[in-house]
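Worksheet: the structure to be examined is printed underneath.
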Amino acid sequence: MKPVDIVERASLISGLHKQLALNPKETAMVTIDMHRGHLDMDVATMPAKPEDAKRVIANAKAALDFARKAKIPVIHVVLVYRRLAGIGSEGMVNPFWKAMHAAQTETDRLTPGRKSTVREHNIEGSAGTEIIPELYRESDYVIDNKKRLDCFYGTDLRMLLDTLGVKNVVLMGINTNTCVLNTSFTAFNFDYRVVVLSDCVASMYGEDLHVLGLQNVARCLGWVVTNEQFFEKLKETRHALQP
């Protein structure tokens with residue numbers, strides 16, 4: 001397939017950025033699969049690139065610490081699979097993931113250049129299901145029954161967000177083009193204001209799909225901003241709300 005140039009939409013993105021307002025009282029941070037199964041190379045079953053994992057963890061910690069100081073709630077959504085008798089991992093019920101597991105070889109893996117296994121990924125009780133310690137605080141909320149790519153699907157994320165009075169969801173995590181993108185679509189469809197922190201996302205599938213995910217959000221669903229832009233928007237909105 002011939003490479004396709006990314007459409008230049010800088011002026012639109014700039015205009016959208018000016019429209020973004022983030023009231024801390026109506027905002028929540030949602031981390032998506034920020035667990036050891038993706039980000040800890042010692043135990044990861046579907047690992048991001050080591051350099052991406054290091055970048056994402058450091059930037060996510062900075063963003064979450066800043067948000068907590070602004071009294072913004074932090075919600076961690078984690079994929080966890082049961083083992084089912086006669087089937088194995090719940091993930092193997094999905095025909096594409098089952099085929100992906102069967103199709104992988106030593107030279108052609110799901111995660112290019114790194115070992116990975118769909119079948120053994122984030123089994124209940126395994127170390128991979130643990131949230132990266134630097135990112136978790138006891139005051140955070142945890143949803144650990146995610147089974148598919150969308151954080152809303154089959155979980156109580158929407159109920160929790162609405163209970164907290166949230167109108168703005170700030171997303172971070174793995175993978176940019178799958179779980180982050182799917183969750184962005186549903187958040188958009190539920191009329192939340194969608195923000196993705198570009199410094200805090202990555203894709204184990206490759207840089208091309210990472211870029212695709214960010215472009216899709218920025219041009220169709222919500223705002224893609226850096227940590228610094230996020231911090232400035234919070235300060236800007238908070239100042240504007242002061243009497």
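By order in the structure tokens, chains are A, B, ...; within a chain, residues start at 1; ligands start at 1, following the order shown.
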
Picked from range 92-239 of chain A by DSSP as strand (DSSP E or B), as a short mmCIF file (atom, residue, chain, number, x, y, z; two decimals) with N, CA and C atoms, in the first residue's frame:
data_model
loop_
_atom_site.label_atom_id
_atom_site.label_comp_id
_atom_site.auth_asym_id
_atom_site.auth_seq_id
_atom_site.Cartn_x
_atom_site.Cartn_y
_atom_site.Cartn_z
N ILE A 123 -4.41 -12.52 33.09
CA ILE A 123 -5.27 -13.51 33.75
C ILE A 123 -5.47 -13.09 35.21
N ILE A 131 -1.87 -2.42 38.73
CA ILE A 131 -1.63 -1.06 38.25
C ILE A 131 -0.18 -0.68 38.57
N TYR A 141 -10.04 5.63 42.27
CA TYR A 141 -11.07 4.62 41.99
C TYR A 141 -10.49 3.58 41.03
N VAL A 142 -10.91 2.33 41.19
CA VAL A 142 -10.43 1.26 40.32
C VAL A 142 -11.62 0.48 39.77
N ILE A 143 -11.63 0.30 38.45
CA ILE A 143 -12.59 -0.57 37.77
C ILE A 143 -11.78 -1.68 37.12
N ASP A 144 -11.95 -2.90 37.59
CA ASP A 144 -11.08 -3.99 37.13
C ASP A 144 -11.84 -5.14 36.50
N ASN A 145 -12.95 -4.81 35.82
CA ASN A 145 -13.69 -5.86 35.11
C ASN A 145 -13.84 -5.53 33.63
N LYS A 146 -12.91 -4.77 33.09
CA LYS A 146 -12.89 -4.50 31.65
C LYS A 146 -12.54 -5.80 30.91
N ASN A 168 -16.08 16.15 31.67
CA ASN A 168 -14.85 16.11 30.89
C ASN A 168 -14.04 14.88 31.29
N VAL A 169 -13.73 14.01 30.31
CA VAL A 169 -12.91 12.84 30.61
C VAL A 169 -11.54 13.02 29.96
N VAL A 170 -10.51 12.92 30.78
CA VAL A 170 -9.13 13.05 30.32
C VAL A 170 -8.53 11.66 30.29
N LEU A 171 -8.18 11.18 29.10
CA LEU A 171 -7.76 9.79 28.91
C LEU A 171 -6.26 9.67 28.73
N MET A 172 -5.74 8.56 29.22
CA MET A 172 -4.34 8.20 29.02
C MET A 172 -4.24 6.69 29.05
N GLY A 173 -3.18 6.12 28.45
CA GLY A 173 -3.00 4.68 28.57
C GLY A 173 -2.57 3.98 27.30
N ILE A 174 -2.79 2.67 27.30
CA ILE A 174 -2.38 1.75 26.25
C ILE A 174 -3.61 1.00 25.76
N ARG A 193 -16.95 15.70 27.20
CA ARG A 193 -15.86 16.38 26.51
C ARG A 193 -14.64 15.46 26.61
N VAL A 194 -14.07 15.08 25.47
CA VAL A 194 -13.00 14.07 25.42
C VAL A 194 -11.65 14.76 25.25
N VAL A 195 -10.72 14.43 26.13
CA VAL A 195 -9.34 14.93 26.05
C VAL A 195 -8.40 13.74 26.16
N VAL A 196 -7.44 13.64 25.26
CA VAL A 196 -6.41 12.61 25.32
C VAL A 196 -5.07 13.28 25.52
N LEU A 197 -4.32 12.82 26.52
CA LEU A 197 -2.99 13.36 26.79
C LEU A 197 -1.96 12.63 25.92
N SER A 198 -1.44 13.33 24.93
CA SER A 198 -0.54 12.69 23.96
C SER A 198 0.75 12.20 24.60
N ASP A 199 1.19 12.85 25.69
CA ASP A 199 2.42 12.43 26.36
C ASP A 199 2.24 11.12 27.14
N CYS A 200 0.99 10.72 27.35
CA CYS A 200 0.70 9.61 28.26
C CYS A 200 0.04 8.43 27.56
N VAL A 201 0.21 8.33 26.24
CA VAL A 201 -0.35 7.20 25.50
C VAL A 201 0.72 6.61 24.59
N ALA A 202 0.54 5.35 24.24
CA ALA A 202 1.45 4.66 23.31
C ALA A 202 0.71 3.45 22.76
N TRP A 223 -10.09 16.52 21.99
CA TRP A 223 -8.86 17.30 22.04
C TRP A 223 -7.67 16.40 22.39
N VAL A 224 -6.61 16.53 21.63
CA VAL A 224 -5.35 15.86 21.94
C VAL A 224 -4.38 16.95 22.39
N VAL A 225 -3.92 16.87 23.63
CA VAL A 225 -3.06 17.91 24.18
C VAL A 225 -1.87 17.28 24.90
#

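Close contacts of Glu8 in chain A, defined as residues with an atom at most 12 Å away when counting only C-alpha atoms, with chain neighbours fewer than 4 positions off set aside, comprise Leu12, Ile13, Ser14, Gln215, Ala218 and Arg219 of chain A.
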
Can you write just those residues out, all heavy atoms, as a PDB file, in the first residue's frame?
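Result file follows (result_4.pdb):
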ATOM      1  N   LEU A  12      -7.325  24.176  12.182  1.00  0.00           N
ATOM      2  CA  LEU A  12      -8.521  23.668  12.867  1.00  0.00           C
ATOM      3  C   LEU A  12      -8.183  23.263  14.300  1.00  0.00           C
ATOM      4  O   LEU A  12      -8.905  23.608  15.243  1.00  0.00           O
ATOM      5  CB  LEU A  12      -9.093  22.471  12.110  1.00  0.00           C
ATOM      6  CG  LEU A  12     -10.239  21.729  12.819  1.00  0.00           C
ATOM      7  CD1 LEU A  12     -11.458  22.621  12.968  1.00  0.00           C
ATOM      8  CD2 LEU A  12     -10.590  20.449  12.078  1.00  0.00           C
ATOM      9  N   ILE A  13      -7.083  22.524  14.474  1.00  0.00           N
ATOM     10  CA  ILE A  13      -6.677  22.071  15.807  1.00  0.00           C
ATOM     11  C   ILE A  13      -6.424  23.267  16.719  1.00  0.00           C
ATOM     12  O   ILE A  13      -6.811  23.271  17.895  1.00  0.00           O
ATOM     13  CB  ILE A  13      -5.419  21.186  15.709  1.00  0.00           C
ATOM     14  CG1 ILE A  13      -5.684  19.961  14.827  1.00  0.00           C
ATOM     15  CG2 ILE A  13      -4.966  20.753  17.099  1.00  0.00           C
ATOM     16  CD1 ILE A  13      -6.823  19.085  15.259  1.00  0.00           C
ATOM     17  N   SER A  14      -5.785  24.303  16.166  1.00  0.00           N
ATOM     18  CA  SER A  14      -5.520  25.511  16.946  1.00  0.00           C
ATOM     19  C   SER A  14      -6.817  26.188  17.377  1.00  0.00           C
ATOM     20  O   SER A  14      -6.968  26.628  18.524  1.00  0.00           O
ATOM     21  CB  SER A  14      -4.663  26.478  16.120  1.00  0.00           C
ATOM     22  OG  SER A  14      -4.449  27.683  16.825  1.00  0.00           O
ATOM     23  N   GLN A 215      -4.623  11.119  15.619  1.00  0.00           N
ATOM     24  CA  GLN A 215      -5.237  11.898  14.555  1.00  0.00           C
ATOM     25  C   GLN A 215      -6.753  11.717  14.539  1.00  0.00           C
ATOM     26  O   GLN A 215      -7.502  12.674  14.323  1.00  0.00           O
ATOM     27  CB  GLN A 215      -4.644  11.483  13.202  1.00  0.00           C
ATOM     28  CG  GLN A 215      -3.245  11.999  12.951  1.00  0.00           C
ATOM     29  CD  GLN A 215      -3.223  13.481  12.666  1.00  0.00           C
ATOM     30  OE1 GLN A 215      -4.044  13.994  11.908  1.00  0.00           O
ATOM     31  NE2 GLN A 215      -2.285  14.194  13.275  1.00  0.00           N
ATOM     32  N   ALA A 218      -8.168  13.775  17.465  1.00  0.00           N
ATOM     33  CA  ALA A 218      -7.999  15.218  17.301  1.00  0.00           C
ATOM     34  C   ALA A 218      -8.881  15.803  16.201  1.00  0.00           C
ATOM     35  O   ALA A 218      -9.291  16.964  16.282  1.00  0.00           O
ATOM     36  CB  ALA A 218      -6.530  15.532  17.013  1.00  0.00           C
ATOM     37  N   ARG A 219      -9.176  15.016  15.181  1.00  0.00           N
ATOM     38  CA  ARG A 219      -9.927  15.532  14.031  1.00  0.00           C
ATOM     39  C   ARG A 219     -11.394  15.129  14.025  1.00  0.00           C
ATOM     40  O   ARG A 219     -12.176  15.655  13.221  1.00  0.00           O
ATOM     41  CB  ARG A 219      -9.252  15.085  12.738  1.00  0.00           C
ATOM     42  CG  ARG A 219      -7.896  15.761  12.540  1.00  0.00           C
ATOM     43  CD  ARG A 219      -6.981  15.020  11.593  1.00  0.00           C
ATOM     44  NE  ARG A 219      -7.573  14.801  10.289  1.00  0.00           N
ATOM     45  CZ  ARG A 219      -6.972  14.104   9.313  1.00  0.00           C
ATOM     46  NH1 ARG A 219      -5.773  13.582   9.525  1.00  0.00           N
ATOM     47  NH2 ARG A 219      -7.564  13.949   8.155  1.00  0.00           N
TER      48      ARG A 219
END

- [ ] Would you mind listing what lies within 9 Å of Ala127 in chain A as a list in words, with only C-alpha atoms counted and same-chain residues fewer than 6 positions away left out?
- [x] His35, Arg36, Gly37, Val43 and Ala44 of chain A

Got time to write the residues from that selection, all heavy atoms, as a short mmCIF file (atom, residue, chain, number, x, y, z; two decimals), in the first residue's frame?
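Wrote it out as part16.cif, contents follow:
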data_model
loop_
_atom_site.label_atom_id
_atom_site.label_comp_id
_atom_site.auth_asym_id
_atom_site.auth_seq_id
_atom_site.Cartn_x
_atom_site.Cartn_y
_atom_site.Cartn_z
N HIS A 35 -1.26 -0.97 33.43
CA HIS A 35 -0.91 -2.07 34.30
C HIS A 35 0.42 -2.69 33.88
O HIS A 35 0.98 -2.36 32.83
CB HIS A 35 -2.02 -3.13 34.29
CG HIS A 35 -2.49 -3.52 32.92
ND1 HIS A 35 -1.66 -4.08 31.97
CD2 HIS A 35 -3.71 -3.43 32.33
CE1 HIS A 35 -2.32 -4.33 30.87
NE2 HIS A 35 -3.58 -3.93 31.06
N ARG A 36 0.88 -3.62 34.70
CA ARG A 36 2.18 -4.25 34.44
C ARG A 36 2.14 -5.14 33.20
O ARG A 36 3.18 -5.41 32.59
CB ARG A 36 2.61 -5.06 35.68
CG ARG A 36 2.83 -4.19 36.92
CD ARG A 36 3.19 -5.03 38.12
NE ARG A 36 4.51 -5.63 37.97
CZ ARG A 36 4.96 -6.62 38.73
NH1 ARG A 36 4.18 -7.16 39.67
NH2 ARG A 36 6.18 -7.10 38.53
N GLY A 37 0.95 -5.59 32.81
CA GLY A 37 0.81 -6.44 31.63
C GLY A 37 1.22 -5.77 30.34
O GLY A 37 1.54 -6.44 29.35
N VAL A 43 7.21 -8.62 33.51
CA VAL A 43 6.05 -9.51 33.56
C VAL A 43 5.08 -9.31 32.40
O VAL A 43 4.13 -10.08 32.25
CB VAL A 43 5.28 -9.36 34.89
CG1 VAL A 43 6.17 -9.63 36.08
CG2 VAL A 43 4.65 -7.96 35.00
N ALA A 44 5.29 -8.30 31.58
CA ALA A 44 4.32 -7.94 30.53
C ALA A 44 4.09 -9.09 29.56
O ALA A 44 5.03 -9.72 29.07
CB ALA A 44 4.80 -6.71 29.77
#

What's the 10 Å shell around Cys220 in chain A, counting only C-alpha atoms, without same-chain residues fewer than 5 positions away, as a compact mmCIF listing (two decimals) with N, CA and C atoms, in the first residue's frame?
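Writing the result to selection06.txt gives the following:
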# COMPACT_ATOMS: atom_id res chain seq x y z
N SER A 184 -12.65 6.75 23.62
CA SER A 184 -12.92 8.11 23.14
C SER A 184 -14.21 8.16 22.35
N PHE A 185 -14.43 7.18 21.49
CA PHE A 185 -15.66 7.13 20.70
C PHE A 185 -16.89 7.08 21.61
N PHE A 188 -17.45 10.28 23.54
CA PHE A 188 -18.02 11.26 22.60
C PHE A 188 -19.52 11.00 22.41
N LEU A 214 -4.22 9.11 17.55
CA LEU A 214 -4.22 10.52 17.95
C LEU A 214 -4.89 11.39 16.90
N GLN A 215 -4.62 11.12 15.62
CA GLN A 215 -5.24 11.90 14.55
C GLN A 215 -6.75 11.72 14.54
